[in-house]
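A.B. asks: Here it is, the structure, as structure tokens.
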Amino acid sequence: MDAPARPGFCSPAGAPAALDRLRRELRAAEAATGLTPEGGAALALGIPAIDGVLGGGLSCGALHEIASAHETETAAGTGFALALAARQVFPSWRGASRTDESVVSARIVGRNVLWIAEEFSLAENGAPYGPGLDGAGIAPERLITVTAARGRDVLWAMEEALRCRAVGVVIGEMRSRGIDQVMTRRLALAAAAGDSLGLLLRTTPRDEPSAAATRWIIGAAPSFLRSGGDDESCHGLGPPRLTARLVRNRRGHLGAWIVEWNSVEQRFELATHYEPVAGAAFDRPHRAAVA
Amino acid sequence: MSLWLERLSTDRIARQWREAPSPLAVFGKRGNRDLLVAVDAVAERVGLTTGLALAQARAMHPTLTAMPEDQAADARLLDAMADWCQRYTPLLATNPPDGILLDIGGCAHLFGGEEKLRDDLLTRVTCFGFSARAAIAASIGAASAAARFGGAAITPTDHEHDLLAPLPLAALRLSSDMVAALARVGLKRIGDILDLPRAPLAARFGAELLRMLDRALAREYEPLTPRLPVAPYIAEKNFHEPIAREEDVLATVERLAARLKAALAARGDGARRLELALFRTDGAVKRIAAGTSRPVRDPQAIRALFVERLAALGDEIDPGFGFDLARLSVLTAEPCPDEQIGLGGHEDRAELDRLVDRLSARLGRRRVSRLVAHDSHIPEFAAAALPAQATARAELGWEAFRRFRVQADLSPRPLRFLAKPEPIEDVFALVPDGPPVRFRWRRALHEVIAVEGPERIEGAWWSEEGGLARDYFRVEDKAGLRFWLFRAGLYRDMARGLPRPHWFLHGMYA
């Protein structure tokens, strides 16, 4: 069930081909169970490094788990989930200025996002706040929030919502307890049936088996501070940064990144200091050889 | 029709015992004394009457069982009885403390005529263990007079005169003072005042007397204020053999909904709120309400709603020995235009509405909500979560908010928001009005490394409960957690005698 072994490392010649064949067979077998629809659309995050690991992007019509690194970092996990949701339901929004009127109306026509949470979790970690959602890329008009008293009601509502064609993304926030594998499998099947993206948002990392396609652990990261003018001791906040650890991936490798939210283009970027400091060298053949 | 439950209190107590003690009486404090307020049939036969002192009654009959009165329980029982009586007519009212008024106009033929209806009602009520009397007449006054003071069970229209003449004046529902005043001048029966000149009567005893007389004689119309609003559409089904299984109930719902569909379609309406009333054989009535986001007529959709409602209620619906009557009523109907099918967008919307309806039915209407923007600068009032069923077509106001945010260059708002700001402690700020350098929230110490602010948000200064001005700060701590903090109150206001400012945490950013 886990990610296949890394190909290409210390393997004799010919092994990559065999691995490719095995991987194809595995995908076919999984497709038969309906868990990972072969050829299903992929939701690209717009960061080549991450999209490459995911094989083009997060598979839509599948369940993904997003856990906050710590209970206090729930907002970070929420932000990540909402950003994914925004990419899924408002694709036209990508890369446009947010004051642009035409874009404002364009993003109203997307599919809906359902946020289903336990009542207790909302009381403890805060409820979604309309005026702040725009900043995360979600139009509040498109969000329906559902609160449930018990965890199993959250799961039931998630399954119902995932099967609904009018819903693009279902975010289910679970604070407590483990979710058994049968339930995650049901959710994964429902997501495949409704072709919607299921995001299971956990307030703390869990290590239990699940049918989710990927599992992320999202934490807060210090932002790149802006200088506060004359006073050197005082800084302003930079764009929010998150640490994203991919700890499970049915399609390939794992990884850890620090991403930065670009609120103008409404997308994630790899945080600058993770990019090479110097540009890649140009190919400059030796003059002597030309002459 | 007026139904009088003669011995409601004693019957209520007697029903709780397997072998009811008798004689049985109920006593209550009147003034400073314990008096009997209700007696059962046996007690009455041996000479106990209401108004007798408890001590005296006990002396007369040492075997008497006396229970304290419980008016709330009596009222509940009367309500439950009224609920049960809905099987005869939707239009009824309780007539406290022990009567029920039923408007059976247009319903009697369904039960084979007025007499059969009355017999049926009395038989059933008697089976439940109540002694009851019922009378039918054209006016509320005449019917209750006949039920309480003995008279013809059914009085044809225009015969109220003959019915009322021999009855005592108390039958007119007059106050006891007025009855006593009338008795002093020798007027004891209704017949005594029927032929008296009206003007002197009114001058001496007030207009109330004549009004009650006119009402009883059906000269003046007395409206019945229904206990529950009468639904515009009702369909019901009687079962000879009570049903108890969930599938049977749902099948019945679908059949009733199919019948309602024709009625709704004829007037171009659709149902927004529905109620299913299940009448249990032992008299209890279960009411299950369900709402929709858009007017519906489709029986399948209505059935689907009740599937969720029944699943949510679970064991609360105790069928007992089964239900013998099911009634589906449309509480709120709205015009339902016949929609074209197959145009893009519409189907998605309908699909979403169906999902919202199902979730609302199962989890509760208030738990499925949309966020609505409010024109308020105070953060906790800027957005509200309203039921999604009610806001399916509503303008949510976020366009205006977006324009405002751009124009006012509003600082970013948090993603998650605490409904009640949480106090933070050990706040250390370099200058009193400045941002915090460190603070403690939920027992963890946060060291602030970056700050934006303050953004001053005034309280509602025009109102007494407006609250203090707040200075909001966006802060980031060492670990990269971002919060929205505020200080309620200003230090400079302490000079005016206002309390020392306190710090709160109001939201979290991603």
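So you can find residues: chains in the structure tokens are A, B, ... in the order shown, residues in each start at 1, and ligands are numbered from 1 in order.
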Could you write out, as a list in words, all the residues of segment 333-503 of chain B that DSSP marks as alpha helix (DSSP H)?
C.D. replies: His346, Glu347, Asp348, Arg349, Ala350, Glu351, Leu352, Asp353, Arg354, Leu355, Val356, Asp357, Arg358, Leu359, Ser360, Ala361, Arg362, Leu363, Trp398, Glu399, Ala400, Phe401, Arg402, Arg403, Phe404, Arg405, Val406, Gln407 and Ala408 of chain B
A.B. asks: Provide as a PyMOL selection string the residues of chain B at most 8 Å from chain A, counting only C-alpha atoms.
C.D. replies: chain B and resi 348-349+351-352+355+359+363+367-373+382-383+388+396+398+401+406+412-419+449-452+474-481+507-510
A.B. asks: If you keep N, CA and C atoms, can you produce a file of those selected residues as a short mmCIF file (atom, residue, chain, number, x, y, z; two decimals), in the first residue's frame?
C.D. replies:
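Output file result_22.cif follows:
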data_model
loop_
_atom_site.label_atom_id
_atom_site.label_comp_id
_atom_site.auth_asym_id
_atom_site.auth_seq_id
_atom_site.Cartn_x
_atom_site.Cartn_y
_atom_site.Cartn_z
N ASP B 348 -27.06 21.98 -11.27
CA ASP B 348 -26.09 22.03 -10.19
C ASP B 348 -26.72 22.63 -8.94
N ARG B 349 -27.48 23.70 -9.18
CA ARG B 349 -28.11 24.38 -8.06
C ARG B 349 -29.11 23.47 -7.37
N GLU B 351 -29.15 20.33 -7.38
CA GLU B 351 -28.41 19.26 -6.72
C GLU B 351 -27.89 19.73 -5.36
N LEU B 352 -27.36 20.94 -5.35
CA LEU B 352 -26.83 21.49 -4.10
C LEU B 352 -27.96 21.68 -3.09
N LEU B 355 -28.78 18.50 -1.49
CA LEU B 355 -27.77 18.11 -0.49
C LEU B 355 -27.98 18.90 0.80
N LEU B 359 -28.74 17.37 4.52
CA LEU B 359 -27.87 17.63 5.67
C LEU B 359 -28.67 18.34 6.77
N LEU B 363 -28.99 16.85 10.42
CA LEU B 363 -28.18 17.47 11.48
C LEU B 363 -28.89 18.62 12.15
N ARG B 367 -27.45 24.02 11.64
CA ARG B 367 -26.08 23.54 11.56
C ARG B 367 -25.52 23.58 10.15
N VAL B 368 -26.37 23.82 9.19
CA VAL B 368 -25.90 23.93 7.81
C VAL B 368 -26.08 25.38 7.43
N SER B 369 -24.97 26.09 7.26
CA SER B 369 -25.14 27.53 7.11
C SER B 369 -24.26 28.11 6.02
N ARG B 370 -24.66 29.29 5.58
CA ARG B 370 -23.84 30.09 4.67
C ARG B 370 -23.39 31.31 5.43
N LEU B 371 -22.26 31.86 5.02
CA LEU B 371 -21.76 33.07 5.67
C LEU B 371 -22.35 34.28 4.97
N VAL B 372 -22.88 35.18 5.75
CA VAL B 372 -23.51 36.38 5.21
C VAL B 372 -22.75 37.58 5.75
N ALA B 373 -22.41 38.50 4.86
CA ALA B 373 -21.68 39.70 5.28
C ALA B 373 -22.67 40.71 5.85
N ALA B 382 -19.34 41.41 11.56
CA ALA B 382 -19.14 41.62 10.12
C ALA B 382 -19.61 40.42 9.31
N ALA B 383 -19.68 39.26 9.94
CA ALA B 383 -20.15 38.08 9.22
C ALA B 383 -21.04 37.27 10.15
N ALA B 388 -28.47 27.64 5.66
CA ALA B 388 -28.29 27.59 4.22
C ALA B 388 -29.62 27.45 3.50
N LEU B 396 -25.75 37.60 -0.50
CA LEU B 396 -24.98 37.40 0.72
C LEU B 396 -24.13 38.61 1.10
N TRP B 398 -21.21 39.80 -0.09
CA TRP B 398 -19.75 39.79 -0.08
C TRP B 398 -19.16 40.69 -1.15
N PHE B 401 -18.64 43.89 0.39
CA PHE B 401 -17.52 43.83 1.32
C PHE B 401 -16.20 43.91 0.58
N VAL B 406 -11.20 46.88 -0.62
CA VAL B 406 -10.22 47.48 -1.52
C VAL B 406 -10.14 48.98 -1.29
N PRO B 412 -5.40 42.53 6.40
CA PRO B 412 -5.93 41.17 6.23
C PRO B 412 -6.67 40.70 7.48
N ARG B 413 -7.74 39.99 7.26
CA ARG B 413 -8.53 39.44 8.36
C ARG B 413 -8.13 37.99 8.59
N PRO B 414 -8.30 37.50 9.81
CA PRO B 414 -7.87 36.13 10.10
C PRO B 414 -8.73 35.09 9.39
N LEU B 415 -8.18 33.92 9.27
CA LEU B 415 -8.87 32.82 8.60
C LEU B 415 -9.84 32.16 9.57
N ARG B 416 -9.40 31.98 10.79
CA ARG B 416 -10.25 31.35 11.80
C ARG B 416 -10.46 32.36 12.90
N PHE B 417 -11.67 32.37 13.39
CA PHE B 417 -12.11 33.47 14.24
C PHE B 417 -12.78 32.87 15.47
N LEU B 418 -12.36 33.32 16.64
CA LEU B 418 -12.97 32.82 17.87
C LEU B 418 -14.24 33.61 18.15
N ALA B 419 -15.33 32.90 18.31
CA ALA B 419 -16.61 33.58 18.51
C ALA B 419 -16.53 34.48 19.75
N ILE B 449 7.72 38.40 17.21
CA ILE B 449 8.87 38.93 16.48
C ILE B 449 8.45 39.88 15.39
N ALA B 450 7.20 39.86 14.99
CA ALA B 450 6.77 40.79 13.95
C ALA B 450 5.36 41.27 14.27
N VAL B 451 5.14 42.53 13.98
CA VAL B 451 3.86 43.15 14.34
C VAL B 451 3.38 44.03 13.21
N GLU B 452 2.09 44.06 13.00
CA GLU B 452 1.48 45.08 12.15
C GLU B 452 0.32 45.67 12.92
N ARG B 474 -1.76 42.58 14.25
CA ARG B 474 -1.43 41.30 13.62
C ARG B 474 -0.04 40.96 14.09
N VAL B 475 0.14 39.84 14.75
CA VAL B 475 1.47 39.52 15.25
C VAL B 475 1.89 38.13 14.77
N GLU B 476 3.21 37.98 14.73
CA GLU B 476 3.76 36.65 14.42
C GLU B 476 4.73 36.29 15.52
N ASP B 477 4.64 35.05 16.00
CA ASP B 477 5.56 34.68 17.07
C ASP B 477 6.77 33.95 16.48
N LYS B 478 7.65 33.53 17.37
CA LYS B 478 8.92 32.93 16.94
C LYS B 478 8.70 31.68 16.09
N ALA B 479 7.64 30.91 16.42
CA ALA B 479 7.41 29.66 15.71
C ALA B 479 6.72 29.88 14.37
N GLY B 480 6.32 31.12 14.11
CA GLY B 480 5.64 31.39 12.85
C GLY B 480 4.12 31.37 12.97
N LEU B 481 3.61 31.28 14.19
CA LEU B 481 2.15 31.35 14.38
C LEU B 481 1.73 32.80 14.26
N GLY B 507 -8.32 35.87 16.67
CA GLY B 507 -8.33 35.02 15.48
C GLY B 507 -6.95 34.54 15.13
N MET B 508 -6.90 33.58 14.19
CA MET B 508 -5.63 33.02 13.76
C MET B 508 -5.52 33.15 12.24
N TYR B 509 -4.31 33.46 11.79
CA TYR B 509 -4.04 33.49 10.36
C TYR B 509 -3.35 32.20 9.97
N ALA B 510 -3.42 31.92 8.69
CA ALA B 510 -2.73 30.72 8.20
C ALA B 510 -1.23 30.91 8.38
#
A.B. asks: In segment 198-261 of chain A, what's strand (DSSP E or B) per DSSP? Answer as JSON, numbers by chain?
C.D. replies: {"A": [198, 199, 200, 201, 202, 214, 215, 216, 217, 218, 219, 220, 221, 226, 227, 235, 236, 241, 242, 243, 244, 245, 246, 247, 248, 249, 255, 256, 257, 258, 259, 260, 261]}
A.B. asks: Write a file of the selected residues as a CSV table (one decimal), in the first residue's frame, keeping N, CA and C atoms.
C.D. replies:
chain,number,residue,atom,x,y,z
A,198,GLY,N,-11.7,15.4,-1.7
A,198,GLY,CA,-12.0,15.3,-0.3
A,198,GLY,C,-10.8,15.6,0.5
A,199,LEU,N,-10.9,16.5,1.4
A,199,LEU,CA,-9.8,16.9,2.3
A,199,LEU,C,-10.1,16.6,3.7
A,200,LEU,N,-9.4,15.7,4.3
A,200,LEU,CA,-9.7,15.4,5.7
A,200,LEU,C,-8.7,16.2,6.5
A,201,LEU,N,-9.2,17.1,7.3
A,201,LEU,CA,-8.4,18.1,8.0
A,201,LEU,C,-8.3,17.6,9.5
A,202,ARG,N,-7.1,17.2,9.9
A,202,ARG,CA,-7.0,16.7,11.3
A,202,ARG,C,-6.2,17.7,12.1
A,214,THR,N,-2.9,10.9,-0.4
A,214,THR,CA,-1.7,11.5,0.2
A,214,THR,C,-2.0,12.0,1.6
A,215,ARG,N,-0.9,12.1,2.4
A,215,ARG,CA,-1.1,12.6,3.7
A,215,ARG,C,0.0,13.7,3.9
A,216,TRP,N,-0.5,14.9,4.4
A,216,TRP,CA,0.4,16.0,4.6
A,216,TRP,C,0.4,16.4,6.0
A,217,ILE,N,1.5,16.9,6.5
A,217,ILE,CA,1.6,17.5,7.8
A,217,ILE,C,2.0,19.0,7.6
A,218,ILE,N,1.1,19.8,7.9
A,218,ILE,CA,1.3,21.3,7.7
A,218,ILE,C,1.6,22.0,9.0
A,219,GLY,N,2.6,22.8,9.0
A,219,GLY,CA,2.9,23.6,10.2
A,219,GLY,C,3.1,25.0,9.8
A,220,ALA,N,3.2,25.8,10.8
A,220,ALA,CA,3.4,27.3,10.5
A,220,ALA,C,4.9,27.4,10.4
A,221,ALA,N,5.4,28.4,9.6
A,221,ALA,CA,6.8,28.7,9.5
A,221,ALA,C,6.9,30.2,9.6
A,226,ARG,N,9.4,41.8,7.0
A,226,ARG,CA,9.7,43.0,6.3
A,226,ARG,C,10.3,44.0,7.4
A,227,SER,N,11.2,44.8,6.9
A,227,SER,CA,11.8,45.8,7.8
A,227,SER,C,10.8,46.8,8.2
A,235,HIS,N,9.4,44.7,13.2
A,235,HIS,CA,9.2,44.2,11.8
A,235,HIS,C,7.8,44.0,11.5
A,236,GLY,N,7.5,44.1,10.2
A,236,GLY,CA,6.1,43.8,9.7
A,236,GLY,C,6.1,42.3,9.3
A,241,ARG,N,4.0,31.8,5.5
A,241,ARG,CA,4.8,30.6,5.1
A,241,ARG,C,4.3,29.4,5.8
A,242,LEU,N,4.3,28.3,5.2
A,242,LEU,CA,3.9,27.1,5.8
A,242,LEU,C,5.0,26.0,5.5
A,243,THR,N,5.2,25.1,6.5
A,243,THR,CA,6.0,23.9,6.2
A,243,THR,C,5.0,22.8,5.7
A,244,ALA,N,5.3,22.3,4.6
A,244,ALA,CA,4.4,21.2,4.1
A,244,ALA,C,5.3,19.9,4.0
A,245,ARG,N,4.9,18.9,4.8
A,245,ARG,CA,5.6,17.7,4.7
A,245,ARG,C,4.7,16.6,4.1
A,246,LEU,N,5.1,16.0,3.1
A,246,LEU,CA,4.3,15.0,2.4
A,246,LEU,C,4.8,13.7,3.0
A,247,VAL,N,4.0,13.1,3.9
A,247,VAL,CA,4.5,11.9,4.6
A,247,VAL,C,3.9,10.6,4.0
A,248,ARG,N,2.9,10.7,3.1
A,248,ARG,CA,2.4,9.5,2.5
A,248,ARG,C,2.0,9.9,1.1
A,249,ASN,N,2.3,9.1,0.1
A,249,ASN,CA,2.0,9.4,-1.3
A,249,ASN,C,1.8,8.1,-2.0
A,255,GLY,N,8.3,14.1,0.6
A,255,GLY,CA,9.1,15.3,0.6
A,255,GLY,C,8.7,16.3,1.6
A,256,ALA,N,9.5,17.3,1.8
A,256,ALA,CA,9.2,18.4,2.7
A,256,ALA,C,9.6,19.7,2.1
A,257,TRP,N,8.7,20.7,2.2
A,257,TRP,CA,9.0,22.0,1.5
A,257,TRP,C,8.5,23.1,2.5
A,258,ILE,N,9.1,24.3,2.2
A,258,ILE,CA,8.5,25.5,2.9
A,258,ILE,C,7.9,26.3,1.7
A,259,VAL,N,6.6,26.5,1.9
A,259,VAL,CA,5.9,27.2,0.8
A,259,VAL,C,5.4,28.6,1.3
A,260,GLU,N,5.3,29.5,0.4
A,260,GLU,CA,4.9,30.9,0.8
A,260,GLU,C,3.6,31.2,0.0
A,261,TRP,N,2.6,31.8,0.6
A,261,TRP,CA,1.4,32.1,0.0
A,261,TRP,C,1.5,33.5,-0.7
A.B. asks: One decimal, in Å: what's the spacing between atom CA of Ser411 of chain B and atom CA of Arg487 of chain B?
C.D. replies: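 Atom CA of Ser411 of chain B sits 16.7 Å away from atom CA of Arg487 of chain B.
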A.B. asks: Which of these residues is nearest to Ser144 of chain B, using only C-alpha atoms: B:Ala350, B:Ala203, B:Leu172, B:Ala394?
C.D. replies: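 Going through B:Ala350, B:Ala203, B:Leu172, B:Ala394 one by one, the smallest distance to Ser144 of chain B is for B:Leu172.
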A.B. asks: Pro299 of chain B: which residues within 6 Å, counting only C-alpha atoms, same-chain residues fewer than 4 positions away excluded, as a list in words?
C.D. replies: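 Counting only C-alpha atoms, the residues come to Glu254, Ala257 and Ala258 of chain B.
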A.B. asks: Go ahead and write the selection's residues with N, CA and C atoms as a CSV table (one decimal), in the first residue's frame.
C.D. replies:
chain,number,residue,atom,x,y,z
B,254,GLU,N,-44.6,8.9,1.2
B,254,GLU,CA,-44.5,9.1,-0.2
B,254,GLU,C,-45.9,9.1,-0.8
B,257,ALA,N,-47.5,12.3,0.0
B,257,ALA,CA,-46.8,13.4,-0.8
B,257,ALA,C,-47.3,13.4,-2.2
B,258,ALA,N,-47.6,12.2,-2.7
B,258,ALA,CA,-48.1,12.1,-4.1
B,258,ALA,C,-49.5,12.7,-4.2
A.B. asks: Report, in Å with one decimal, the straight-line distance from atom CA of Pro454 of chain B to atom CA of Phe486 of chain B.
C.D. replies: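 Result for atom CA of Pro454 of chain B versus atom CA of Phe486 of chain B: 8.5 Å, one decimal.
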A.B. asks: Write out as a PyMOL selection string which residues come within 9 Å of segment 52-66 of chain A when counting only C-alpha atoms, dropping same-chain ones fewer than 5 positions away.
C.D. replies: chain A and resi 35-37+40-47+77-78+80-81+88+162+184-185+187-203+205+210-218+249-255
A.B. asks: For the residues selected in the previous step, produce a file with N, CA and C atoms as a compact mmCIF listing (two decimals), in the first residue's frame.
C.D. replies:
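Output below, filename part.txt:
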# COMPACT_ATOMS: atom_id res chain seq x y z
N LEU A 35 -10.18 3.32 -6.18
CA LEU A 35 -9.56 4.26 -5.25
C LEU A 35 -8.80 5.37 -5.96
N THR A 36 -8.06 5.02 -6.98
CA THR A 36 -7.36 6.06 -7.73
C THR A 36 -7.75 5.92 -9.18
N PRO A 37 -8.69 6.72 -9.62
CA PRO A 37 -9.15 6.61 -11.01
C PRO A 37 -8.01 6.90 -11.96
N GLY A 40 -7.56 10.24 -13.98
CA GLY A 40 -8.33 11.29 -13.32
C GLY A 40 -7.55 12.59 -13.35
N ALA A 41 -8.30 13.69 -13.32
CA ALA A 41 -7.64 14.99 -13.42
C ALA A 41 -6.72 15.19 -12.22
N ALA A 42 -5.63 15.89 -12.45
CA ALA A 42 -4.72 16.19 -11.36
C ALA A 42 -4.76 17.67 -11.07
N LEU A 43 -4.73 18.00 -9.80
CA LEU A 43 -4.78 19.39 -9.39
C LEU A 43 -3.35 19.83 -9.12
N ALA A 44 -2.81 20.64 -10.04
CA ALA A 44 -1.43 21.06 -9.89
C ALA A 44 -1.36 22.19 -8.87
N LEU A 45 -0.34 22.13 -8.03
CA LEU A 45 -0.19 23.19 -7.04
C LEU A 45 0.53 24.40 -7.63
N GLY A 46 1.08 24.23 -8.82
CA GLY A 46 1.79 25.33 -9.44
C GLY A 46 3.23 25.43 -8.98
N ILE A 47 3.70 24.45 -8.23
CA ILE A 47 5.11 24.41 -7.82
C ILE A 47 5.70 23.16 -8.44
N GLY A 77 -2.91 24.48 8.68
CA GLY A 77 -3.52 23.38 7.92
C GLY A 77 -4.76 23.86 7.19
N THR A 78 -5.55 24.70 7.87
CA THR A 78 -6.76 25.23 7.25
C THR A 78 -6.42 26.04 6.01
N PHE A 80 -3.82 25.82 4.10
CA PHE A 80 -3.36 24.95 3.03
C PHE A 80 -4.56 24.29 2.35
N ALA A 81 -5.48 23.76 3.17
CA ALA A 81 -6.65 23.08 2.61
C ALA A 81 -7.49 24.05 1.79
N GLN A 88 -9.00 24.20 -6.88
CA GLN A 88 -9.87 23.22 -7.49
C GLN A 88 -11.14 23.86 -8.04
N LEU A 162 -19.53 14.47 -0.77
CA LEU A 162 -18.59 14.07 -1.82
C LEU A 162 -19.31 13.47 -3.01
N THR A 184 -12.46 5.73 5.82
CA THR A 184 -11.68 6.51 4.86
C THR A 184 -11.84 5.92 3.46
N ARG A 185 -11.98 4.62 3.40
CA ARG A 185 -12.17 3.98 2.10
C ARG A 185 -13.51 4.39 1.50
N LEU A 187 -15.01 7.14 2.07
CA LEU A 187 -14.87 8.53 1.63
C LEU A 187 -14.13 8.60 0.31
N ALA A 188 -13.07 7.77 0.18
CA ALA A 188 -12.31 7.78 -1.06
C ALA A 188 -13.19 7.35 -2.23
N LEU A 189 -14.01 6.35 -2.00
CA LEU A 189 -14.91 5.88 -3.07
C LEU A 189 -15.93 6.95 -3.41
N ALA A 190 -16.43 7.62 -2.37
CA ALA A 190 -17.42 8.68 -2.60
C ALA A 190 -16.79 9.80 -3.41
N ALA A 191 -15.54 10.13 -3.09
CA ALA A 191 -14.86 11.21 -3.81
C ALA A 191 -14.68 10.82 -5.27
N ALA A 192 -14.35 9.54 -5.49
CA ALA A 192 -14.17 9.09 -6.87
C ALA A 192 -15.51 9.13 -7.60
N ALA A 193 -16.58 8.74 -6.90
CA ALA A 193 -17.90 8.71 -7.54
C ALA A 193 -18.37 10.12 -7.89
N GLY A 194 -18.13 11.06 -7.00
CA GLY A 194 -18.62 12.42 -7.23
C GLY A 194 -17.60 13.30 -7.93
N ASP A 195 -16.43 12.75 -8.22
CA ASP A 195 -15.34 13.51 -8.82
C ASP A 195 -15.08 14.79 -8.05
N SER A 196 -15.07 14.67 -6.75
CA SER A 196 -14.76 15.86 -5.97
C SER A 196 -13.56 15.58 -5.07
N LEU A 197 -12.95 16.66 -4.64
CA LEU A 197 -11.73 16.56 -3.86
C LEU A 197 -12.12 16.48 -2.38
N GLY A 198 -11.71 15.42 -1.72
CA GLY A 198 -12.01 15.29 -0.31
C GLY A 198 -10.77 15.61 0.52
N LEU A 199 -10.90 16.53 1.43
CA LEU A 199 -9.76 16.89 2.28
C LEU A 199 -10.14 16.62 3.72
N LEU A 200 -9.43 15.73 4.32
CA LEU A 200 -9.68 15.42 5.71
C LEU A 200 -8.68 16.22 6.55
N LEU A 201 -9.22 17.14 7.30
CA LEU A 201 -8.35 18.06 8.04
C LEU A 201 -8.29 17.58 9.49
N ARG A 202 -7.10 17.16 9.91
CA ARG A 202 -6.96 16.69 11.29
C ARG A 202 -6.18 17.73 12.07
N THR A 203 -6.55 17.88 13.34
CA THR A 203 -5.91 18.93 14.12
C THR A 203 -4.56 18.50 14.67
N PRO A 205 -1.31 15.35 13.92
CA PRO A 205 -0.92 14.28 13.00
C PRO A 205 -1.32 12.91 13.55
N SER A 210 -4.91 4.54 6.36
CA SER A 210 -6.07 5.18 5.76
C SER A 210 -6.03 4.99 4.26
N ALA A 211 -7.16 5.21 3.62
CA ALA A 211 -7.24 5.03 2.18
C ALA A 211 -6.96 6.32 1.43
N ALA A 212 -6.44 7.31 2.13
CA ALA A 212 -6.19 8.60 1.49
C ALA A 212 -5.05 8.47 0.49
N ALA A 213 -5.13 9.28 -0.57
CA ALA A 213 -4.10 9.22 -1.60
C ALA A 213 -2.80 9.85 -1.12
N THR A 214 -2.93 10.93 -0.38
CA THR A 214 -1.73 11.55 0.18
C THR A 214 -2.01 11.95 1.62
N ARG A 215 -0.94 12.11 2.36
CA ARG A 215 -1.08 12.62 3.71
C ARG A 215 -0.04 13.71 3.92
N TRP A 216 -0.52 14.85 4.38
CA TRP A 216 0.35 16.00 4.57
C TRP A 216 0.38 16.38 6.04
N ILE A 217 1.52 16.89 6.47
CA ILE A 217 1.57 17.52 7.79
C ILE A 217 1.96 18.97 7.56
N ILE A 218 1.09 19.84 7.95
CA ILE A 218 1.29 21.26 7.67
C ILE A 218 1.56 21.99 8.98
N ASN A 249 2.32 9.09 0.13
CA ASN A 249 1.95 9.39 -1.25
C ASN A 249 1.82 8.07 -1.97
N ARG A 250 0.62 7.79 -2.45
CA ARG A 250 0.40 6.51 -3.13
C ARG A 250 1.10 6.48 -4.48
N ARG A 251 1.43 7.67 -5.02
CA ARG A 251 1.93 7.70 -6.39
C ARG A 251 3.44 7.83 -6.47
N GLY A 252 4.09 8.16 -5.39
CA GLY A 252 5.53 8.32 -5.56
C GLY A 252 6.23 8.77 -4.30
N HIS A 253 7.14 9.70 -4.50
CA HIS A 253 8.05 10.06 -3.43
C HIS A 253 7.40 10.90 -2.37
N LEU A 254 8.13 11.05 -1.29
CA LEU A 254 7.72 11.94 -0.20
C LEU A 254 8.60 13.17 -0.25
N GLY A 255 8.30 14.13 0.57
CA GLY A 255 9.14 15.31 0.55
C GLY A 255 8.70 16.30 1.62
A.B. asks: Please provide the set of residues having any atom within 6 Å of segment 305-312 of chain B, restricted to only C-alpha atoms, with same-chain residues fewer than 6 positions apart removed, written as an NGL selection string.
C.D. replies: :B and (358 or 361-362)
A.B. asks: How many Å separate atom CA of Thr10 of chain B from atom CA of Glu69 of chain B?
C.D. replies: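 Those two atoms sit 9.3 Å apart.
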